[in-house]
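Take a look at the structure below.
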Amino acid sequence: MTKFGIGQPVRRVEDARFLLGRGRYVDDISLPRQAHGALLSSPHAHARIVRMDASKAQAAPGVLCVLTGADSGPDHIGGFAPVMPEDMGGPKGFRAIRPVLAVDRVRHVGDRVAFVVAETLEQARDAVELIEVEYEALPAVPEV
């Protein structure tokens with residue numbers, strides 16, 4: 001028999017600290033020489049990236065690094081491997097490795113286009129807004 005069964009109430013132990021304002025979150029952590037990052041996401045469901053200019057963002061105050069999809073190949077950044085049913089004992093499927101940053105095409109709204117690292121979160125967010133991207137919208141499938 002397992003410790004908890006289906007439908008059995010599970011006593012939560014974290015509620016007291018959150019209700020009393022003593023919760024600790026990742027955003028509460030501050031370390032010496034800590035950097036912050038911000039992503040530029042695609043506003044298009046499907047589009048080709050015609051041109052991207054990150055020079056203004058790179059020159060912005062506090063910016064340490066600006067990464068684009070063009071940097072991911074030469075820098076061997078790699079991609080994300082999805083969790084598959086076969087990883088949990090299910091049937092085999094096609095494992096499509098997704099790039100960390102879009103290189104030439106975005107495939108959904110919110111697809112990652114660029115990443116900025118800066119000394120503060122505000123500087124990173126401001127620099128992301130300086131990145132200029134020209135998209136050529138392509139047909140999208142809004143329903144399945």
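Going through the structure tokens in order, the chains are called A, B, and so on, while each chain numbers its residues from 1 and the ligands are numbered from 1 in the order shown.
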
Might you pull out every residue within 12 Å of A:Gly78, with only C-alpha atoms counted and same-chain residues fewer than 2 positions away left off, and present them as a list in words?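 Final neighbour list, sorted by chain and number: Gly69, Ala70, Asp71, Ser72, Gly73, Pro74, Asp75, His76, Phe80, Ala81, Ile97, Arg98, Pro99, Val100, Leu101, Ala102 and Val103 of chain A.
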
Skip A:Arg95 itself and residues of its chain fewer than 3 positions away, then list as a ChimeraX atom specification all residues within 9 Å of it, counting only C-alpha atoms. /A:81-84,92

Store the residues picked out above in a file with C-alpha atoms, as a short mmCIF file (atom, residue, chain, number, x, y, z; two decimals), in the first residue's frame.
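And here is the file that came out, out-v3.cif:
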```cif
data_model
loop_
_atom_site.label_atom_id
_atom_site.label_comp_id
_atom_site.auth_asym_id
_atom_site.auth_seq_id
_atom_site.Cartn_x
_atom_site.Cartn_y
_atom_site.Cartn_z
CA ALA A 81 14.48 17.70 -25.34
CA PRO A 82 10.80 17.19 -24.49
CA VAL A 83 9.60 14.71 -21.88
CA MET A 84 8.17 11.77 -23.79
CA LYS A 92 7.75 5.37 -28.16
#
```

Please provide as an NGL selection string all residues within 10 Å of stretch 132-139 of chain A, with the sequence filter that same-chain residues fewer than 3 positions apart are discarded (counting only C-alpha atoms). :A and (40 or 42-57 or 104-107 or 113-114 or 128-129 or 142)

Residue with smallest distance to A:Ala124 - pool A:Val66, A:Arg17, A:Val144, A:Arg112, counting only C-alpha atoms: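 Among A:Val66, A:Arg17, A:Val144, A:Arg112, it is A:Val66 that comes nearest to A:Ala124.
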
Residues of stretch 56-119 of chain A classed as helix (DSSP H, G or I) by DSSP on the backbone are to be reported as a PyMOL selection string. chain A and resi 56-59+69-72+85-88

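The closest residue to A:Asp111, picked from A:Ala127, A:Leu39, A:Ala60, A:Ala140 and counting only C-alpha atoms, is A:Leu39.
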
Calculate how many Å separate atom CA of A:Asp28 from atom CA of A:Ser41, rounding to one decimal.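 Atom-to-atom, atom CA of A:Asp28 to atom CA of A:Ser41, that is 24.6 Å.
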
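In this structure, atom CA of A:Leu67 sits 17.9 Å away from atom CA of A:Gln34.
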
Going by DSSP on the backbone, which bits of chain A are strand (DSSP E)? Write them as a PyMOL selection string, please. chain A and resi 36-41+47-53+63-68+79-80+98-99+105-106+112-118+132-137

Kindly save the residues from that selection, with N, CA, C and O atoms included, as a compact mmCIF listing (two decimals), in the first residue's frame.
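Contents of the output file result.txt:
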```
# COMPACT_ATOMS: atom_id res chain seq x y z
N HIS A 36 20.93 39.12 -14.10
CA HIS A 36 19.52 38.86 -14.35
C HIS A 36 19.30 38.73 -15.84
O HIS A 36 20.01 39.33 -16.64
N GLY A 37 18.29 37.95 -16.23
CA GLY A 37 18.02 37.74 -17.63
C GLY A 37 16.59 38.08 -18.00
O GLY A 37 15.70 38.07 -17.16
N ALA A 38 16.40 38.39 -19.28
CA ALA A 38 15.07 38.66 -19.82
C ALA A 38 15.01 38.12 -21.24
O ALA A 38 15.99 38.18 -21.98
N LEU A 39 13.86 37.59 -21.60
CA LEU A 39 13.65 37.00 -22.93
C LEU A 39 12.86 37.92 -23.83
O LEU A 39 11.94 38.61 -23.37
N LEU A 40 13.18 37.90 -25.11
CA LEU A 40 12.35 38.53 -26.12
C LEU A 40 11.56 37.39 -26.76
O LEU A 40 12.15 36.43 -27.27
N SER A 41 10.24 37.50 -26.72
CA SER A 41 9.37 36.45 -27.25
C SER A 41 8.69 36.90 -28.53
O SER A 41 8.43 38.09 -28.73
N ALA A 47 6.20 32.78 -38.30
CA ALA A 47 6.83 33.85 -39.08
C ALA A 47 8.29 33.52 -39.33
O ALA A 47 8.91 32.77 -38.58
N ARG A 48 8.79 34.11 -40.40
CA ARG A 48 10.21 34.01 -40.71
C ARG A 48 10.89 35.24 -40.14
O ARG A 48 10.37 36.36 -40.24
N ILE A 49 12.05 35.05 -39.52
CA ILE A 49 12.83 36.17 -39.01
C ILE A 49 13.64 36.71 -40.18
O ILE A 49 14.57 36.06 -40.66
N VAL A 50 13.27 37.91 -40.65
CA VAL A 50 13.94 38.52 -41.79
C VAL A 50 15.23 39.19 -41.35
O VAL A 50 16.28 39.03 -41.97
N ARG A 51 15.14 39.95 -40.26
CA ARG A 51 16.30 40.72 -39.79
C ARG A 51 16.19 40.90 -38.29
O ARG A 51 15.11 41.06 -37.75
N MET A 52 17.34 40.86 -37.62
CA MET A 52 17.38 41.12 -36.19
C MET A 52 18.60 41.98 -35.90
O MET A 52 19.71 41.66 -36.33
N ASP A 53 18.39 43.07 -35.15
CA ASP A 53 19.48 43.96 -34.78
C ASP A 53 19.48 44.11 -33.26
O ASP A 53 18.55 44.70 -32.70
N VAL A 63 24.25 45.96 -19.56
CA VAL A 63 24.08 44.72 -20.31
C VAL A 63 25.40 43.98 -20.38
O VAL A 63 26.43 44.54 -20.74
N LEU A 64 25.36 42.72 -20.02
CA LEU A 64 26.55 41.87 -20.03
C LEU A 64 26.63 41.01 -21.29
O LEU A 64 27.71 40.71 -21.78
N CYS A 65 25.46 40.61 -21.80
CA CYS A 65 25.45 39.69 -22.93
C CYS A 65 24.08 39.72 -23.61
O CYS A 65 23.07 39.83 -22.93
N VAL A 66 24.07 39.61 -24.92
CA VAL A 66 22.84 39.45 -25.69
C VAL A 66 23.02 38.21 -26.56
O VAL A 66 23.97 38.12 -27.32
N LEU A 67 22.11 37.25 -26.41
CA LEU A 67 22.18 36.02 -27.20
C LEU A 67 21.01 35.98 -28.17
O LEU A 67 19.89 36.29 -27.80
N THR A 68 21.29 35.57 -29.40
CA THR A 68 20.25 35.36 -30.40
C THR A 68 20.37 33.94 -30.92
O THR A 68 21.33 33.22 -30.60
N GLY A 79 19.72 22.36 -27.48
CA GLY A 79 18.28 22.56 -27.47
C GLY A 79 17.62 21.86 -26.31
O GLY A 79 18.28 21.24 -25.48
N PHE A 80 16.29 21.98 -26.26
CA PHE A 80 15.49 21.35 -25.21
C PHE A 80 14.93 20.03 -25.74
O PHE A 80 14.33 20.00 -26.81
N ARG A 98 13.85 20.96 -29.50
CA ARG A 98 13.49 22.35 -29.77
C ARG A 98 14.69 23.25 -29.50
O ARG A 98 15.35 23.11 -28.47
N PRO A 99 14.97 24.17 -30.40
CA PRO A 99 16.11 25.07 -30.17
C PRO A 99 15.86 25.99 -28.97
O PRO A 99 14.72 26.34 -28.68
N ARG A 105 13.11 31.08 -37.91
CA ARG A 105 11.65 31.03 -37.96
C ARG A 105 11.09 30.84 -36.55
O ARG A 105 11.67 30.11 -35.75
N VAL A 106 9.98 31.52 -36.28
CA VAL A 106 9.27 31.30 -35.01
C VAL A 106 8.06 30.43 -35.32
O VAL A 106 7.45 30.56 -36.38
N ARG A 112 10.94 31.77 -28.14
CA ARG A 112 12.08 32.56 -27.66
C ARG A 112 12.93 33.03 -28.83
O ARG A 112 13.40 32.23 -29.62
N VAL A 113 13.14 34.36 -28.92
CA VAL A 113 13.88 34.95 -30.03
C VAL A 113 15.26 35.43 -29.59
O VAL A 113 16.24 35.26 -30.30
N ALA A 114 15.36 36.06 -28.42
CA ALA A 114 16.64 36.57 -27.92
C ALA A 114 16.62 36.56 -26.40
O ALA A 114 15.56 36.56 -25.77
N PHE A 115 17.82 36.57 -25.81
CA PHE A 115 17.97 36.56 -24.36
C PHE A 115 19.02 37.59 -23.98
O PHE A 115 20.10 37.63 -24.56
N VAL A 116 18.69 38.43 -23.01
CA VAL A 116 19.59 39.49 -22.55
C VAL A 116 19.97 39.22 -21.11
O VAL A 116 19.12 38.92 -20.27
N VAL A 117 21.26 39.33 -20.81
CA VAL A 117 21.76 39.21 -19.43
C VAL A 117 22.31 40.58 -19.04
O VAL A 117 23.10 41.17 -19.77
N ALA A 118 21.87 41.07 -17.87
CA ALA A 118 22.30 42.40 -17.41
C ALA A 118 22.51 42.38 -15.91
O ALA A 118 22.18 41.40 -15.22
N GLU A 132 15.57 45.01 -32.26
CA GLU A 132 14.70 45.21 -33.41
C GLU A 132 14.63 43.91 -34.20
O GLU A 132 15.66 43.38 -34.61
N VAL A 133 13.41 43.42 -34.40
CA VAL A 133 13.21 42.20 -35.17
C VAL A 133 12.18 42.48 -36.26
O VAL A 133 11.11 43.02 -35.98
N GLU A 134 12.52 42.11 -37.47
CA GLU A 134 11.58 42.23 -38.59
C GLU A 134 11.12 40.82 -38.94
O GLU A 134 11.94 39.92 -39.20
N TYR A 135 9.80 40.61 -38.90
CA TYR A 135 9.21 39.30 -39.18
C TYR A 135 8.47 39.33 -40.51
O TYR A 135 7.91 40.36 -40.90
N GLU A 136 8.45 38.19 -41.18
CA GLU A 136 7.57 37.99 -42.33
C GLU A 136 6.54 36.95 -41.90
O GLU A 136 6.87 35.78 -41.70
N ALA A 137 5.31 37.41 -41.69
CA ALA A 137 4.27 36.51 -41.21
C ALA A 137 4.00 35.40 -42.22
O ALA A 137 3.95 35.63 -43.42
```

Between A:Gly7, A:Gly62, A:Leu31, A:Gly23, single out the one closest to A:Arg125, counting only C-alpha atoms. A:Gly62

Provide the atom CA of A:Gln58 to atom CA of A:Leu121 distance in Å, to one decimal place.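 Going from atom CA of A:Gln58 over to atom CA of A:Leu121 covers 14.9 Å.
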
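Checking A:Thr120, A:Leu130, A:Ala96, A:Glu86 one by one against A:Arg33, counting only C-alpha atoms, you find the shortest gap at A:Thr120.
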
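Minimum atom-to-atom distances from A:Ala35, A:Ile6, A:Val13, A:Val26 to A:Glu119 were compared using only C-alpha atoms, and the lowest value belongs to A:Ala35.
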